[in-house]
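Text of the file coords29.cif, holding mmCIF, N, CA and C atoms:
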```
data_protein
loop_
_atom_site.label_atom_id
_atom_site.label_comp_id
_atom_site.auth_asym_id
_atom_site.auth_seq_id
_atom_site.Cartn_x
_atom_site.Cartn_y
_atom_site.Cartn_z
N MET A 1 225.91 190.66 173.83
CA MET A 1 224.62 190.08 174.11
C MET A 1 224.81 188.95 175.11
N LYS A 2 224.00 188.94 176.14
CA LYS A 2 224.08 187.88 177.15
C LYS A 2 222.87 186.97 177.01
N LEU A 3 223.12 185.68 177.15
CA LEU A 3 222.06 184.69 177.16
C LEU A 3 221.96 184.14 178.57
N LYS A 4 220.85 184.43 179.24
CA LYS A 4 220.64 183.90 180.58
C LYS A 4 220.06 182.50 180.48
N VAL A 5 220.60 181.58 181.31
CA VAL A 5 220.18 180.19 181.30
C VAL A 5 219.91 179.77 182.74
N LYS A 6 218.76 179.12 182.95
CA LYS A 6 218.41 178.61 184.27
C LYS A 6 218.25 177.11 184.16
N LYS A 7 218.81 176.39 185.14
CA LYS A 7 218.60 174.94 185.20
C LYS A 7 217.32 174.69 186.00
N ILE A 8 216.46 173.85 185.48
CA ILE A 8 215.23 173.48 186.18
C ILE A 8 215.60 172.73 187.45
N ASN A 9 216.49 171.75 187.31
CA ASN A 9 217.02 171.01 188.46
C ASN A 9 218.51 171.34 188.56
N PRO A 10 218.86 172.29 189.46
CA PRO A 10 220.27 172.72 189.56
C PRO A 10 221.24 171.62 189.99
N GLU A 11 220.71 170.54 190.54
CA GLU A 11 221.57 169.46 191.02
C GLU A 11 222.08 168.55 189.89
N LEU A 12 221.45 168.62 188.72
CA LEU A 12 221.91 167.80 187.60
C LEU A 12 223.23 168.34 187.09
N GLU A 13 224.22 167.48 187.00
CA GLU A 13 225.58 167.87 186.59
C GLU A 13 225.80 167.67 185.09
N HIS A 14 225.04 168.37 184.30
CA HIS A 14 225.28 168.33 182.86
C HIS A 14 225.69 169.73 182.41
N PRO A 15 226.36 169.84 181.27
CA PRO A 15 226.93 171.14 180.88
C PRO A 15 225.87 172.16 180.45
N LEU A 16 226.16 173.41 180.75
CA LEU A 16 225.39 174.50 180.17
C LEU A 16 225.72 174.54 178.68
N PRO A 17 224.89 175.21 177.87
CA PRO A 17 225.24 175.36 176.46
C PRO A 17 226.64 175.97 176.34
N PHE A 18 227.43 175.46 175.38
CA PHE A 18 228.80 175.96 175.23
C PHE A 18 229.22 175.92 173.77
N TYR A 19 230.15 176.81 173.42
CA TYR A 19 230.75 176.81 172.10
C TYR A 19 231.91 175.84 172.11
N ALA A 20 231.91 174.86 171.21
CA ALA A 20 232.95 173.84 171.19
C ALA A 20 234.30 174.40 170.76
N THR A 21 234.29 175.42 169.90
CA THR A 21 235.52 176.06 169.48
C THR A 21 235.33 177.57 169.52
N GLU A 22 236.42 178.28 169.41
CA GLU A 22 236.39 179.74 169.45
C GLU A 22 235.54 180.33 168.32
N SER A 23 235.48 179.66 167.19
CA SER A 23 234.75 180.18 166.03
C SER A 23 233.40 179.49 165.80
N SER A 24 232.95 178.69 166.74
CA SER A 24 231.65 178.01 166.58
C SER A 24 230.52 179.02 166.50
N SER A 25 229.57 178.76 165.61
CA SER A 25 228.38 179.60 165.49
C SER A 25 227.30 179.14 166.46
N GLY A 26 227.27 177.85 166.74
CA GLY A 26 226.23 177.29 167.58
C GLY A 26 226.76 176.81 168.91
N LEU A 27 225.93 176.97 169.92
CA LEU A 27 226.21 176.44 171.26
C LEU A 27 225.76 174.99 171.29
N ASP A 28 226.61 174.09 171.78
CA ASP A 28 226.23 172.69 171.92
C ASP A 28 225.23 172.55 173.07
N ILE A 29 224.21 171.73 172.83
CA ILE A 29 223.16 171.47 173.82
C ILE A 29 223.20 169.98 174.16
N ALA A 30 223.13 169.67 175.45
CA ALA A 30 223.22 168.27 175.91
C ALA A 30 221.89 167.76 176.45
N SER A 31 221.71 166.46 176.34
CA SER A 31 220.55 165.79 176.92
C SER A 31 220.68 165.78 178.44
N SER A 32 219.55 165.97 179.13
CA SER A 32 219.57 165.90 180.60
C SER A 32 218.79 164.70 181.11
N SER A 33 218.40 163.80 180.22
CA SER A 33 217.64 162.63 180.64
C SER A 33 218.53 161.67 181.42
N ILE A 34 218.14 161.39 182.65
CA ILE A 34 218.89 160.45 183.48
C ILE A 34 218.82 159.05 182.87
N GLU A 35 217.65 158.71 182.35
CA GLU A 35 217.47 157.40 181.73
C GLU A 35 217.86 157.47 180.25
N LYS A 36 218.43 156.38 179.77
CA LYS A 36 218.78 156.28 178.35
C LYS A 36 217.50 156.38 177.53
N ILE A 37 217.54 157.16 176.45
CA ILE A 37 216.40 157.28 175.54
C ILE A 37 216.76 156.53 174.27
N LEU A 38 215.90 155.59 173.87
CA LEU A 38 216.10 154.84 172.63
C LEU A 38 215.22 155.45 171.56
N LEU A 39 215.85 155.78 170.44
CA LEU A 39 215.16 156.39 169.31
C LEU A 39 215.18 155.37 168.17
N ASN A 40 214.01 154.78 167.91
CA ASN A 40 213.90 153.77 166.86
C ASN A 40 213.88 154.40 165.48
N PRO A 41 214.20 153.65 164.43
CA PRO A 41 214.14 154.19 163.08
C PRO A 41 212.77 154.80 162.78
N GLY A 42 212.79 156.01 162.23
CA GLY A 42 211.55 156.71 161.89
C GLY A 42 210.86 157.39 163.06
N GLU A 43 211.42 157.28 164.24
CA GLU A 43 210.78 157.81 165.46
C GLU A 43 211.30 159.20 165.79
N THR A 44 210.41 160.02 166.34
CA THR A 44 210.75 161.36 166.81
C THR A 44 210.38 161.46 168.29
N LYS A 45 211.29 162.02 169.09
CA LYS A 45 211.02 162.20 170.53
C LYS A 45 211.53 163.56 170.98
N LEU A 46 210.86 164.10 172.00
CA LEU A 46 211.33 165.32 172.66
C LEU A 46 212.36 164.93 173.70
N ILE A 47 213.55 165.51 173.59
CA ILE A 47 214.64 165.20 174.51
C ILE A 47 214.81 166.37 175.47
N PRO A 48 214.73 166.11 176.78
CA PRO A 48 214.85 167.20 177.76
C PRO A 48 216.28 167.73 177.86
N THR A 49 216.39 169.00 178.23
CA THR A 49 217.71 169.61 178.42
C THR A 49 217.88 170.19 179.82
N ASN A 50 216.79 170.28 180.60
CA ASN A 50 216.84 170.85 181.95
C ASN A 50 217.15 172.35 181.92
N LEU A 51 216.94 172.99 180.77
CA LEU A 51 217.32 174.40 180.62
C LEU A 51 216.12 175.27 180.26
N ILE A 52 216.08 176.44 180.85
CA ILE A 52 215.17 177.51 180.46
C ILE A 52 216.05 178.68 180.03
N LEU A 53 215.74 179.24 178.87
CA LEU A 53 216.55 180.33 178.31
C LEU A 53 215.82 181.65 178.43
N GLU A 54 216.58 182.71 178.63
CA GLU A 54 216.04 184.07 178.54
C GLU A 54 216.78 184.75 177.38
N ILE A 55 216.16 184.63 176.21
CA ILE A 55 216.73 185.21 175.00
C ILE A 55 216.28 186.67 174.94
N PRO A 56 217.19 187.61 174.76
CA PRO A 56 216.80 189.02 174.75
C PRO A 56 215.84 189.35 173.60
N PHE A 57 214.96 190.32 173.83
CA PHE A 57 214.05 190.80 172.79
C PHE A 57 214.88 191.24 171.58
N GLY A 58 214.40 190.91 170.40
CA GLY A 58 215.12 191.25 169.18
C GLY A 58 216.03 190.12 168.71
N TYR A 59 216.03 189.00 169.44
CA TYR A 59 216.82 187.82 169.09
C TYR A 59 215.92 186.60 169.12
N GLU A 60 216.37 185.54 168.47
CA GLU A 60 215.69 184.25 168.54
C GLU A 60 216.75 183.17 168.71
N GLY A 61 216.34 182.05 169.23
CA GLY A 61 217.20 180.88 169.26
C GLY A 61 216.81 179.96 168.12
N GLN A 62 217.78 179.47 167.37
CA GLN A 62 217.53 178.52 166.29
C GLN A 62 218.16 177.19 166.69
N VAL A 63 217.32 176.18 166.87
CA VAL A 63 217.80 174.85 167.24
C VAL A 63 218.09 174.09 165.95
N ARG A 64 219.32 173.63 165.84
CA ARG A 64 219.77 172.96 164.62
C ARG A 64 220.40 171.61 164.95
N PRO A 65 220.40 170.69 163.97
CA PRO A 65 221.03 169.40 164.21
C PRO A 65 222.54 169.51 164.28
N ARG A 66 223.15 168.54 164.89
CA ARG A 66 224.61 168.45 164.90
C ARG A 66 225.03 167.62 163.69
N SER A 67 225.98 168.12 162.94
CA SER A 67 226.39 167.45 161.69
C SER A 67 226.98 166.07 161.96
N GLY A 68 227.69 165.90 163.06
CA GLY A 68 228.26 164.60 163.39
C GLY A 68 227.20 163.54 163.62
N LEU A 69 226.12 163.91 164.33
CA LEU A 69 225.02 162.96 164.54
C LEU A 69 224.33 162.63 163.23
N ALA A 70 224.23 163.62 162.36
CA ALA A 70 223.55 163.41 161.08
C ALA A 70 224.35 162.45 160.19
N ILE A 71 225.63 162.70 160.02
CA ILE A 71 226.42 161.88 159.09
C ILE A 71 226.72 160.49 159.64
N LYS A 72 226.94 160.39 160.94
CA LYS A 72 227.31 159.10 161.52
C LYS A 72 226.11 158.23 161.87
N ASN A 73 224.97 158.87 162.26
CA ASN A 73 223.84 158.10 162.80
C ASN A 73 222.49 158.43 162.18
N SER A 74 222.45 159.34 161.21
CA SER A 74 221.19 159.76 160.56
C SER A 74 220.21 160.35 161.57
N ILE A 75 220.73 161.07 162.55
CA ILE A 75 219.89 161.72 163.57
C ILE A 75 219.80 163.20 163.23
N GLY A 76 218.57 163.71 163.20
CA GLY A 76 218.37 165.11 162.87
C GLY A 76 217.20 165.71 163.63
N ILE A 77 216.86 166.91 163.25
CA ILE A 77 215.75 167.64 163.87
C ILE A 77 214.72 167.87 162.79
N ILE A 78 213.53 167.32 162.98
CA ILE A 78 212.53 167.29 161.93
C ILE A 78 212.04 168.69 161.53
N ASN A 79 212.02 169.64 162.44
CA ASN A 79 211.56 170.99 162.13
C ASN A 79 212.72 171.98 162.11
N SER A 80 213.84 171.54 161.59
CA SER A 80 215.05 172.35 161.63
C SER A 80 215.02 173.51 160.64
N PRO A 81 215.43 174.70 161.04
CA PRO A 81 215.74 175.02 162.43
C PRO A 81 214.46 175.29 163.22
N GLY A 82 214.43 174.79 164.43
CA GLY A 82 213.34 175.11 165.34
C GLY A 82 213.58 176.49 165.93
N THR A 83 212.52 177.24 166.13
CA THR A 83 212.64 178.60 166.64
C THR A 83 212.25 178.68 168.11
N ILE A 84 213.08 179.36 168.89
CA ILE A 84 212.74 179.68 170.28
C ILE A 84 212.57 181.19 170.34
N ASP A 85 211.35 181.62 170.62
CA ASP A 85 211.05 183.05 170.71
C ASP A 85 211.59 183.64 172.01
N SER A 86 211.84 184.95 171.99
CA SER A 86 212.44 185.60 173.16
C SER A 86 211.51 185.61 174.38
N ASP A 87 210.21 185.41 174.18
CA ASP A 87 209.30 185.42 175.33
C ASP A 87 208.96 184.03 175.85
N TYR A 88 209.59 182.98 175.30
CA TYR A 88 209.34 181.62 175.77
C TYR A 88 210.17 181.34 177.03
N ARG A 89 209.51 180.84 178.06
CA ARG A 89 210.20 180.53 179.32
C ARG A 89 209.96 179.11 179.80
N GLY A 90 209.65 178.21 178.88
CA GLY A 90 209.52 176.80 179.22
C GLY A 90 210.84 176.08 178.99
N GLU A 91 210.85 174.81 179.34
CA GLU A 91 212.07 174.02 179.15
C GLU A 91 212.39 173.88 177.67
N LEU A 92 213.65 174.04 177.34
CA LEU A 92 214.14 173.77 175.99
C LEU A 92 214.17 172.26 175.82
N LYS A 93 213.38 171.76 174.88
CA LYS A 93 213.39 170.34 174.55
C LYS A 93 213.73 170.23 173.08
N ILE A 94 214.50 169.22 172.74
CA ILE A 94 214.99 169.04 171.39
C ILE A 94 214.18 167.94 170.70
N LEU A 95 213.63 168.25 169.54
CA LEU A 95 212.78 167.33 168.79
C LEU A 95 213.65 166.51 167.83
N LEU A 96 214.23 165.42 168.35
CA LEU A 96 215.15 164.58 167.57
C LEU A 96 214.39 163.50 166.80
N THR A 97 214.85 163.26 165.57
CA THR A 97 214.28 162.23 164.72
C THR A 97 215.38 161.29 164.24
N ASN A 98 215.07 160.01 164.26
CA ASN A 98 215.98 159.00 163.73
C ASN A 98 215.58 158.73 162.28
N PHE A 99 216.34 159.28 161.34
CA PHE A 99 216.09 159.08 159.92
C PHE A 99 216.78 157.84 159.39
N GLY A 100 217.48 157.14 160.27
CA GLY A 100 218.27 155.98 159.86
C GLY A 100 217.51 154.67 159.94
N LYS A 101 218.29 153.58 159.89
CA LYS A 101 217.72 152.23 159.88
C LYS A 101 218.06 151.46 161.15
N LYS A 102 218.83 152.09 162.06
CA LYS A 102 219.23 151.42 163.30
C LYS A 102 218.75 152.23 164.51
N GLU A 103 218.46 151.53 165.59
CA GLU A 103 218.11 152.18 166.85
C GLU A 103 219.28 153.06 167.30
N PHE A 104 218.96 154.20 167.92
CA PHE A 104 219.99 155.11 168.40
C PHE A 104 219.73 155.43 169.87
N ALA A 105 220.77 155.35 170.69
CA ALA A 105 220.65 155.61 172.13
C ALA A 105 221.16 157.00 172.46
N ILE A 106 220.39 157.71 173.28
CA ILE A 106 220.77 159.03 173.77
C ILE A 106 220.97 158.92 175.28
N ASN A 107 222.18 159.25 175.73
CA ASN A 107 222.53 159.15 177.14
C ASN A 107 222.63 160.52 177.79
N PHE A 108 222.59 160.55 179.10
CA PHE A 108 222.74 161.78 179.86
C PHE A 108 224.04 162.47 179.45
N GLY A 109 223.95 163.75 179.13
CA GLY A 109 225.13 164.54 178.79
C GLY A 109 225.56 164.49 177.34
N ASP A 110 224.91 163.62 176.53
CA ASP A 110 225.25 163.57 175.10
C ASP A 110 224.88 164.89 174.43
N ARG A 111 225.76 165.38 173.58
CA ARG A 111 225.46 166.58 172.81
C ARG A 111 224.50 166.20 171.70
N ILE A 112 223.33 166.82 171.69
CA ILE A 112 222.25 166.37 170.80
C ILE A 112 221.82 167.42 169.77
N ALA A 113 222.21 168.67 169.97
CA ALA A 113 221.79 169.73 169.05
C ALA A 113 222.71 170.91 169.25
N GLN A 114 222.52 171.91 168.40
CA GLN A 114 223.22 173.17 168.61
C GLN A 114 222.20 174.31 168.56
N LEU A 115 222.54 175.38 169.25
CA LEU A 115 221.67 176.54 169.36
C LEU A 115 222.39 177.76 168.81
N VAL A 116 221.81 178.37 167.77
CA VAL A 116 222.35 179.58 167.19
C VAL A 116 221.45 180.74 167.62
N ILE A 117 222.04 181.77 168.17
CA ILE A 117 221.29 182.97 168.55
C ILE A 117 221.41 183.98 167.42
N SER A 118 220.26 184.42 166.89
CA SER A 118 220.25 185.32 165.74
C SER A 118 219.38 186.54 166.01
N LYS A 119 219.84 187.66 165.49
CA LYS A 119 219.07 188.90 165.58
C LYS A 119 217.89 188.80 164.61
N VAL A 120 216.73 189.26 165.04
CA VAL A 120 215.54 189.26 164.18
C VAL A 120 214.85 190.62 164.25
N GLU A 121 214.11 190.92 163.22
CA GLU A 121 213.32 192.14 163.18
C GLU A 121 211.86 191.74 163.02
N GLN A 122 210.98 192.51 163.60
CA GLN A 122 209.56 192.28 163.38
C GLN A 122 209.09 193.20 162.27
N ALA A 123 208.42 192.61 161.29
CA ALA A 123 207.97 193.36 160.12
C ALA A 123 206.66 194.09 160.43
N GLU A 124 206.50 195.23 159.81
CA GLU A 124 205.23 195.93 159.83
C GLU A 124 204.47 195.48 158.59
N VAL A 125 203.37 194.79 158.77
CA VAL A 125 202.62 194.23 157.65
C VAL A 125 201.70 195.30 157.07
N GLU A 126 201.78 195.45 155.75
CA GLU A 126 200.99 196.46 155.05
C GLU A 126 200.30 195.80 153.87
N LEU A 127 198.98 195.91 153.79
CA LEU A 127 198.22 195.37 152.67
C LEU A 127 198.46 196.27 151.46
N ALA A 128 198.77 195.65 150.30
CA ALA A 128 199.06 196.41 149.09
C ALA A 128 198.22 195.89 147.93
N ASP A 129 197.82 196.79 147.04
CA ASP A 129 197.10 196.40 145.83
C ASP A 129 198.06 195.90 144.75
N ASN A 130 199.29 196.43 144.73
CA ASN A 130 200.28 196.07 143.73
C ASN A 130 201.63 195.86 144.40
N LEU A 131 202.41 194.94 143.82
CA LEU A 131 203.77 194.67 144.30
C LEU A 131 204.75 194.91 143.15
N THR A 132 206.02 195.14 143.49
CA THR A 132 207.06 195.38 142.51
C THR A 132 207.26 194.14 141.64
N HIS A 133 207.33 194.31 140.32
CA HIS A 133 207.56 193.20 139.40
C HIS A 133 209.05 192.81 139.42
N THR A 134 209.31 191.51 139.31
CA THR A 134 210.69 191.00 139.19
C THR A 134 210.76 190.07 137.99
N ASN A 135 211.96 189.77 137.52
CA ASN A 135 212.13 188.82 136.42
C ASN A 135 211.63 187.43 136.79
N ARG A 136 211.81 187.06 138.04
CA ARG A 136 211.36 185.74 138.48
C ARG A 136 209.85 185.68 138.57
N SER A 137 209.23 186.75 139.00
CA SER A 137 207.78 186.85 139.16
C SER A 137 207.30 185.75 140.10
N ASP A 138 206.38 184.90 139.65
CA ASP A 138 205.83 183.86 140.54
C ASP A 138 206.45 182.50 140.30
N GLY A 139 207.63 182.45 139.68
CA GLY A 139 208.33 181.18 139.47
C GLY A 139 208.67 180.55 140.80
N GLY A 140 208.26 179.30 140.99
CA GLY A 140 208.41 178.62 142.27
C GLY A 140 209.64 177.75 142.36
N PHE A 141 209.50 176.63 143.06
CA PHE A 141 210.61 175.71 143.32
C PHE A 141 211.32 175.31 142.03
N GLY A 142 212.63 175.46 142.02
CA GLY A 142 213.45 175.06 140.88
C GLY A 142 213.44 176.04 139.73
N HIS A 143 212.74 177.14 139.90
CA HIS A 143 212.60 178.10 138.81
C HIS A 143 213.92 178.77 138.41
N THR A 144 214.81 179.00 139.38
CA THR A 144 216.04 179.70 139.08
C THR A 144 217.14 178.79 138.57
N GLY A 145 216.90 177.48 138.53
CA GLY A 145 217.90 176.54 138.02
C GLY A 145 218.05 176.65 136.51
N LYS A 146 219.21 176.33 136.01
CA LYS A 146 219.48 176.41 134.56
C LYS A 146 219.28 175.05 133.93
#
```

Turn this file's structure into structure tokens for me.
Amino acid sequence: MKLKVKKINPELEHPLPFYATESSSGLDIASSSIEKILLNPGETKLIPTNLILEIPFGYEGQVRPRSGLAIKNSIGIINSPGTIDSDYRGELKILLTNFGKKEFAINFGDRIAQLVISKVEQAEVELADNLTHTNRSDGGFGHTGK
């Protein structure tokens, strides 16, 4: 599977998405903001990446937080995982949130998120009068705990 990536401004010298290790599941995504972005405690901002993706039909992009930013700085993605549909052709922007108590600075080229490409299927929705019974039935949150 190939992921096509276009830079909005080809002159910006920031990295394309890349796998940090041979076994990485997610591609690291970097900020393309020339100006430092300050993220105050409790604040959420869209961080530009200068990238447009062409995800093949039958796949989606899942934007996820980086564990290092989460544990060291309490920085995460409020709608994690964020979904990028295969027909979206706008700039990939990362919705970062500062869940911590200190201001956090995002600089040009900082790795701010990871992108996992996953195969998806589209369901055929069918209205039914009856559904299969299960032991859980309509037990909700925490129902399966002992």

Item to complete: Evaluate the PyMOL selection byres ((chain A and resi 54) around 7) and record the selected residues as a ChimeraX atom specification, following the chain and residue labels used in the document.
Response: /A:2-6,52-53,55-57,86,88-89

Fill in: Expected selection from the PyMOL selection byres ((chain A and resi 107) around 8), given as a ChimeraX atom specification
/A:30-38,104-106,108-111

Selection under test: the PyMOL selection byres (((chain A and resi 15 and name CA) around 9) and name CA); residues as a short mmCIF file (atom, residue, chain, number, x, y, z; two decimals) with N, CA and C atoms, keeping the file's coordinate frame:
```cif
data_model
loop_
_atom_site.label_atom_id
_atom_site.label_comp_id
_atom_site.auth_asym_id
_atom_site.auth_seq_id
_atom_site.Cartn_x
_atom_site.Cartn_y
_atom_site.Cartn_z
N GLU A 13 224.22 167.48 187.00
CA GLU A 13 225.58 167.87 186.59
C GLU A 13 225.80 167.67 185.09
N HIS A 14 225.04 168.37 184.30
CA HIS A 14 225.28 168.33 182.86
C HIS A 14 225.69 169.73 182.41
N LEU A 16 226.16 173.41 180.75
CA LEU A 16 225.39 174.50 180.17
C LEU A 16 225.72 174.54 178.68
N PRO A 17 224.89 175.21 177.87
CA PRO A 17 225.24 175.36 176.46
C PRO A 17 226.64 175.97 176.34
N PHE A 18 227.43 175.46 175.38
CA PHE A 18 228.80 175.96 175.23
C PHE A 18 229.22 175.92 173.77
N ILE A 29 224.21 171.73 172.83
CA ILE A 29 223.16 171.47 173.82
C ILE A 29 223.20 169.98 174.16
N ALA A 30 223.13 169.67 175.45
CA ALA A 30 223.22 168.27 175.91
C ALA A 30 221.89 167.76 176.45
N GLY A 109 223.95 163.75 179.13
CA GLY A 109 225.13 164.54 178.79
C GLY A 109 225.56 164.49 177.34
#
```

Practice prompt. Find the distance between atom N of Asn9 in chain A and atom C of Glu60 in chain A and write it in Å to one decimal.
Written response: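 Result for atom N of Asn9 in chain A versus atom C of Glu60 in chain A: 21.8 Å, one decimal.
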
Practice prompt. Work out how far apart CA of Pro10 in chain A and atom N of Arg64 in chain A are and give it in Å to one decimal.
Written response: 23.8 Å

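Between atom N of Val116 in chain A and atom C of Gly82 in chain A the separation is 8.6 Å.
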
Worksheet item: From the set A:Ala70, A:Ile47, A:Ile117, A:Ile75, which residue has the shortest atom-to-atom contact distance to Ile94 in chain A, counting only C-alpha atoms?
Response: A:Ile47

Worksheet item: List as a PyMOL selection string: which residues have an atom within 7 Å of (217.5, 166.1, 161.7), counting all atoms listed in the file?
Response: chain A and resi 65-66+70+74-80+96-97+99

Worksheet entry | Those in chain A with alpha helix (DSSP H) from DSSP, as a list in words |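 Residues of chain A classed as alpha helix (DSSP H): Ser67, Gly68, Leu69, Ala70, Ile71, Lys72 and Asn73 of chain A.
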
What does the file look like for those residues with N, CA and C atoms, as a CSV table (one decimal), keeping the file's coordinate frame?
```
chain,number,residue,atom,x,y,z
A,67,SER,N,226.0,168.1,162.9
A,67,SER,CA,226.4,167.4,161.7
A,67,SER,C,227.0,166.1,162.0
A,68,GLY,N,227.7,165.9,163.1
A,68,GLY,CA,228.3,164.6,163.4
A,68,GLY,C,227.2,163.5,163.6
A,69,LEU,N,226.1,163.9,164.3
A,69,LEU,CA,225.0,163.0,164.5
A,69,LEU,C,224.3,162.6,163.2
A,70,ALA,N,224.2,163.6,162.4
A,70,ALA,CA,223.6,163.4,161.1
A,70,ALA,C,224.4,162.4,160.2
A,71,ILE,N,225.6,162.7,160.0
A,71,ILE,CA,226.4,161.9,159.1
A,71,ILE,C,226.7,160.5,159.6
A,72,LYS,N,226.9,160.4,160.9
A,72,LYS,CA,227.3,159.1,161.5
A,72,LYS,C,226.1,158.2,161.9
A,73,ASN,N,225.0,158.9,162.3
A,73,ASN,CA,223.8,158.1,162.8
A,73,ASN,C,222.5,158.4,162.2
```

Practice prompt. Using all atoms listed in the file, collect all residues at a distance of at most 8 Å from (225.1, 177.6, 165.0) as written in the file, then present them as an NGL selection string.
Written response: :A and (24-28 or 62-64 or 114-117)

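Of the listed residues A:Gly42, A:Thr132, A:Lys7, A:Glu124, the one whose atoms come nearest to Lys101 in chain A is A:Gly42, with distances taken using all atoms listed in the file.
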
Worksheet entry | Spatial neighbours of Gly58 in chain A, max dist 6.5 Å, only N, CA and C atoms, sep filter under 5 positions, as JSON, numbers by chain | {"A": [86, 118, 119, 120, 121]}

Range 97-109 of chain A, all listed atoms, 8 Å padding on each side: what axis-aligned box centre and edge lengths in Å to one decimal come out, as AutoDock Vina command-line options?
```
--center_x 219.9 --center_y 158.0 --center_z 169.6 --size_x 27.3 --size_y 29.1 --size_z 36.5
```
